[in-house]
Amino acid sequence: MADLIPLFRSFVRVVEAGSFTTVAAEQNTSQPTVSRQIAALEQHLGCLLLQRTTRALTLTEDGRAFYAQAQLALEAIAEAETSVGRRKGKPTGTLRLACAAVLGRLHILPRLPRFLERYPDVAVDLVMGDDFTDLVEQRIDLSIRVGALTDPGLVARRIGTSRRVVVATPDYLERHGEPRTPEDLRDHACILYTRLATGANWPFTGKDGPNSVPVQGRLTVNSTEGVRAAILSGLGIGMVPVWHFVDREIETGRLRVLLPEHEPAPHPIHAVYPTRRFIAPKLRAMLDHLATEFELDPLLSAYSE
């Protein structure tokens, strides 16, 4: 059985990655070696698991059934090792953590020294980017996401709140006037963020309840860093998270908050991870660490209004 475990692991990773080459690179071996591992597993089981073409790998009916059972078997092995084996419940190993680039730079990286000092047997592999990450394919243990969640296959824990504001530079407002209601934004140059779930419709809250206003502008940006830079350059009005260092610009007068009685609806901040029966100690430790850290930060607190 012990000889089969590496074959199980290789097969599961090939299915997740959709590529022998990717798995070979992860294992620091060759593509033919991984191919031979899958062939050996198929020979042991007496059935074909994968249909191979020059373009793609496709699971056979037997392959789909075996993949589900192989995942459960590997999770059971990991759980046994951690609960009664050499780890004994102590956080160890490498934690692969994903987050947006600006969130990582401003609010994840500064909080890692305390975590690494407390858990000397844990290493962190931080993956920063604005693209939504496929946790399973990229072997992400934990991802920090801002905004509404769209993947029902993930386990989520809310750890914070992202309060948002509408801002512009005094120079822009002198040239174009200041909007007094959300509807006035229709006549202004707005900086559009392509990854905003609501698109060019900005959601607001106020005494009359929620309201969504379609906005327009000649500049569209695919990163929050770009949105912030565009606003500070006087190119238009933008909607940004308060934690994105705009609080400093607001305090110094470089930016002015607009429509204070109609603040944009806040975004939740979630820690998400793949659905599993077993949560590794290193994952639980990071979850608790970030939840505690964010709760103590007024810009990120899950209890902020």
# chains A, B, ... in the order shown; residues from 1 in each chain; ligands from 1
>>> residues_around(residues="A:Leu41", least_positions_apart="6", cutoff="8 Å", atoms="only C-alpha atoms", output="mmCIF file with C-alpha atoms, in the first residue's frame")
data_model
loop_
_atom_site.group_PDB
_atom_site.id
_atom_site.type_symbol
_atom_site.label_atom_id
_atom_site.label_comp_id
_atom_site.auth_asym_id
_atom_site.auth_seq_id
_atom_site.Cartn_x
_atom_site.Cartn_y
_atom_site.Cartn_z
ATOM 1 C CA LEU A 4 0.704 3.113 -4.063
ATOM 2 C CA LEU A 7 0.910 7.004 -7.392
ATOM 3 C CA PHE A 8 -2.328 8.209 -5.790
#
>>> closest_residue(among="A:Ala101, A:Ile108, A:Leu296, A:Ala17", to="A:Met128", atoms="only C-alpha atoms")
A:Ala101
>>> select_by_dssp(residues="stretch 68-278 of chain A", states="helix (DSSP H, G or I)", output="PyMOL selection string")
chain A and resi 68-84+101-118+170-176+182-187+224-232+246-252
>>> closest_residue(among="A:Val166, A:Val246, A:Ala197, A:Ala123", to="A:Lys282", atoms="only C-alpha atoms")
A:Ala123
>>> closest_residue(among="A:Leu290, A:Leu57, A:Leu196, A:Ala78", to="A:Ala148", atoms="only C-alpha atoms")
A:Leu196
>>> select_by_dssp(residues="stretch 171-280 of chain A", states="strand (DSSP E or B)", output="number ranges by chain")
A: 190-193, 201-204, 211-214, 219-221, 237-241, 256-258, 264, 267-274
>>> residues_around(residues="stretch 63-67 of chain A", least_positions_apart="5", cutoff="9 Å", atoms="only C-alpha atoms", output="list in words")
Phe8, Phe11, Val12, Val15, Cys47, Leu48, Leu49, Leu50, Thr58 and Leu72 of chain A
>>> write_last_selection(atoms="C-alpha atoms", output="short mmCIF file (atom, residue, chain, number, x, y, z; two decimals), in the first residue's frame")
data_model
loop_
_atom_site.label_atom_id
_atom_site.label_comp_id
_atom_site.auth_asym_id
_atom_site.auth_seq_id
_atom_site.Cartn_x
_atom_site.Cartn_y
_atom_site.Cartn_z
CA PHE A 8 -2.33 8.21 -5.79
CA PHE A 11 -2.83 10.89 -10.24
CA VAL A 12 -4.80 13.40 -8.13
CA VAL A 15 -6.33 15.55 -12.65
CA CYS A 47 -8.59 -0.11 -15.90
CA LEU A 48 -8.00 3.05 -17.90
CA LEU A 49 -8.17 6.22 -15.76
CA LEU A 50 -7.27 8.93 -18.27
CA THR A 58 -9.96 13.50 -19.88
CA LEU A 72 -10.62 10.75 0.39
#
>>> residues_around(residues="A:Arg256", least_positions_apart="6", cutoff="6 Å", atoms="only C-alpha atoms", output="list in words")
Val167, Ala168 and Ile250 of chain A
>>> atom_distance(atom1="atom CA of A:Arg157", atom2="atom CA of A:Phe115")
18.8 Å
>>> closest_residue(among="A:Gln216, A:Thr224, A:Gln27, A:Asn211", to="A:His244", atoms="only C-alpha atoms")
A:Thr224
>>> decode(residues="stretch 103-135 of chain A", atoms="N, CA, C and O atoms", output="short mmCIF file (atom, residue, chain, number, x, y, z; two decimals), in the first residue's frame")
data_model
loop_
_atom_site.label_atom_id
_atom_site.label_comp_id
_atom_site.auth_asym_id
_atom_site.auth_seq_id
_atom_site.Cartn_x
_atom_site.Cartn_y
_atom_site.Cartn_z
N LEU A 103 -3.70 44.13 -1.10
CA LEU A 103 -4.04 43.65 0.24
C LEU A 103 -2.84 42.94 0.86
O LEU A 103 -2.55 43.11 2.05
N GLY A 104 -2.14 42.18 0.06
CA GLY A 104 -0.95 41.49 0.56
C GLY A 104 0.13 42.46 0.99
O GLY A 104 0.74 42.30 2.06
N ARG A 105 0.37 43.47 0.17
CA ARG A 105 1.43 44.44 0.48
C ARG A 105 1.12 45.25 1.73
O ARG A 105 2.01 45.49 2.56
N LEU A 106 -0.13 45.67 1.87
CA LEU A 106 -0.47 46.58 2.96
C LEU A 106 -0.89 45.87 4.25
O LEU A 106 -0.63 46.38 5.34
N HIS A 107 -1.53 44.70 4.13
CA HIS A 107 -2.16 44.15 5.32
C HIS A 107 -1.88 42.67 5.61
O HIS A 107 -2.25 42.19 6.67
N ILE A 108 -1.26 41.96 4.69
CA ILE A 108 -0.89 40.58 4.96
C ILE A 108 0.59 40.47 5.33
O ILE A 108 0.96 39.96 6.38
N LEU A 109 1.44 40.99 4.45
CA LEU A 109 2.89 40.92 4.71
C LEU A 109 3.28 41.54 6.05
O LEU A 109 4.09 40.96 6.79
N PRO A 110 2.74 42.73 6.44
CA PRO A 110 3.13 43.30 7.74
C PRO A 110 2.71 42.44 8.93
O PRO A 110 3.24 42.62 10.03
N ARG A 111 1.78 41.51 8.72
CA ARG A 111 1.30 40.68 9.82
C ARG A 111 1.96 39.30 9.85
O ARG A 111 1.68 38.50 10.75
N LEU A 112 2.82 39.02 8.90
CA LEU A 112 3.48 37.71 8.86
C LEU A 112 4.60 37.55 9.88
O LEU A 112 4.83 36.44 10.36
N PRO A 113 5.38 38.60 10.21
CA PRO A 113 6.45 38.38 11.18
C PRO A 113 5.98 37.78 12.49
O PRO A 113 6.62 36.87 13.03
N ARG A 114 4.86 38.27 13.02
CA ARG A 114 4.35 37.74 14.29
C ARG A 114 3.92 36.29 14.14
O ARG A 114 4.12 35.47 15.04
N PHE A 115 3.32 35.97 12.98
CA PHE A 115 2.90 34.59 12.74
C PHE A 115 4.11 33.66 12.66
O PHE A 115 4.13 32.59 13.28
N LEU A 116 5.11 34.05 11.89
CA LEU A 116 6.29 33.20 11.70
C LEU A 116 7.09 33.05 12.99
O LEU A 116 7.71 32.01 13.23
N GLU A 117 7.07 34.08 13.82
CA GLU A 117 7.76 33.98 15.11
C GLU A 117 7.04 33.01 16.04
O GLU A 117 7.67 32.25 16.77
N ARG A 118 5.72 33.03 15.98
CA ARG A 118 4.93 32.16 16.86
C ARG A 118 4.96 30.72 16.40
O ARG A 118 4.91 29.80 17.22
N TYR A 119 5.06 30.50 15.07
CA TYR A 119 5.04 29.14 14.53
C TYR A 119 6.32 28.90 13.73
O TYR A 119 6.33 28.99 12.50
N PRO A 120 7.42 28.60 14.39
CA PRO A 120 8.72 28.48 13.72
C PRO A 120 8.81 27.30 12.75
O PRO A 120 9.72 27.27 11.92
N ASP A 121 7.88 26.35 12.83
CA ASP A 121 7.92 25.19 11.94
C ASP A 121 7.04 25.36 10.71
O ASP A 121 6.84 24.41 9.95
N VAL A 122 6.48 26.56 10.53
CA VAL A 122 5.62 26.83 9.37
C VAL A 122 6.32 27.81 8.44
O VAL A 122 6.86 28.83 8.89
N ALA A 123 6.32 27.52 7.16
CA ALA A 123 6.79 28.44 6.12
C ALA A 123 5.58 28.92 5.33
O ALA A 123 4.59 28.18 5.19
N VAL A 124 5.63 30.13 4.82
CA VAL A 124 4.51 30.71 4.07
C VAL A 124 4.95 30.98 2.63
O VAL A 124 5.96 31.63 2.39
N ASP A 125 4.18 30.44 1.69
CA ASP A 125 4.37 30.70 0.26
C ASP A 125 3.24 31.65 -0.15
O ASP A 125 2.10 31.23 -0.35
N LEU A 126 3.54 32.96 -0.25
CA LEU A 126 2.52 33.98 -0.49
C LEU A 126 2.38 34.22 -2.00
O LEU A 126 3.35 34.58 -2.67
N VAL A 127 1.16 34.05 -2.49
CA VAL A 127 0.86 34.25 -3.91
C VAL A 127 -0.02 35.50 -4.02
O VAL A 127 -1.17 35.50 -3.59
N MET A 128 0.53 36.58 -4.58
CA MET A 128 -0.19 37.85 -4.65
C MET A 128 -0.56 38.17 -6.10
O MET A 128 0.28 38.10 -6.99
N GLY A 129 -1.81 38.54 -6.32
CA GLY A 129 -2.27 38.90 -7.66
C GLY A 129 -3.73 39.29 -7.61
O GLY A 129 -4.46 38.92 -6.68
N ASP A 130 -4.19 40.03 -8.63
CA ASP A 130 -5.57 40.48 -8.66
C ASP A 130 -6.50 39.49 -9.36
O ASP A 130 -7.72 39.67 -9.36
N ASP A 131 -5.95 38.45 -9.98
CA ASP A 131 -6.80 37.44 -10.61
C ASP A 131 -7.41 36.54 -9.56
O ASP A 131 -6.79 36.23 -8.54
N PHE A 132 -8.64 36.10 -9.83
CA PHE A 132 -9.24 35.11 -8.94
C PHE A 132 -8.49 33.81 -9.10
O PHE A 132 -8.20 33.36 -10.21
N THR A 133 -8.17 33.17 -8.00
CA THR A 133 -7.30 32.01 -8.00
C THR A 133 -8.11 30.73 -7.88
O THR A 133 -9.03 30.62 -7.09
N ASP A 134 -7.76 29.73 -8.71
CA ASP A 134 -8.33 28.40 -8.59
C ASP A 134 -7.54 27.67 -7.50
O ASP A 134 -6.40 27.26 -7.72
N LEU A 135 -8.13 27.54 -6.34
CA LEU A 135 -7.41 27.02 -5.19
C LEU A 135 -6.89 25.61 -5.42
O LEU A 135 -5.75 25.29 -5.06
#
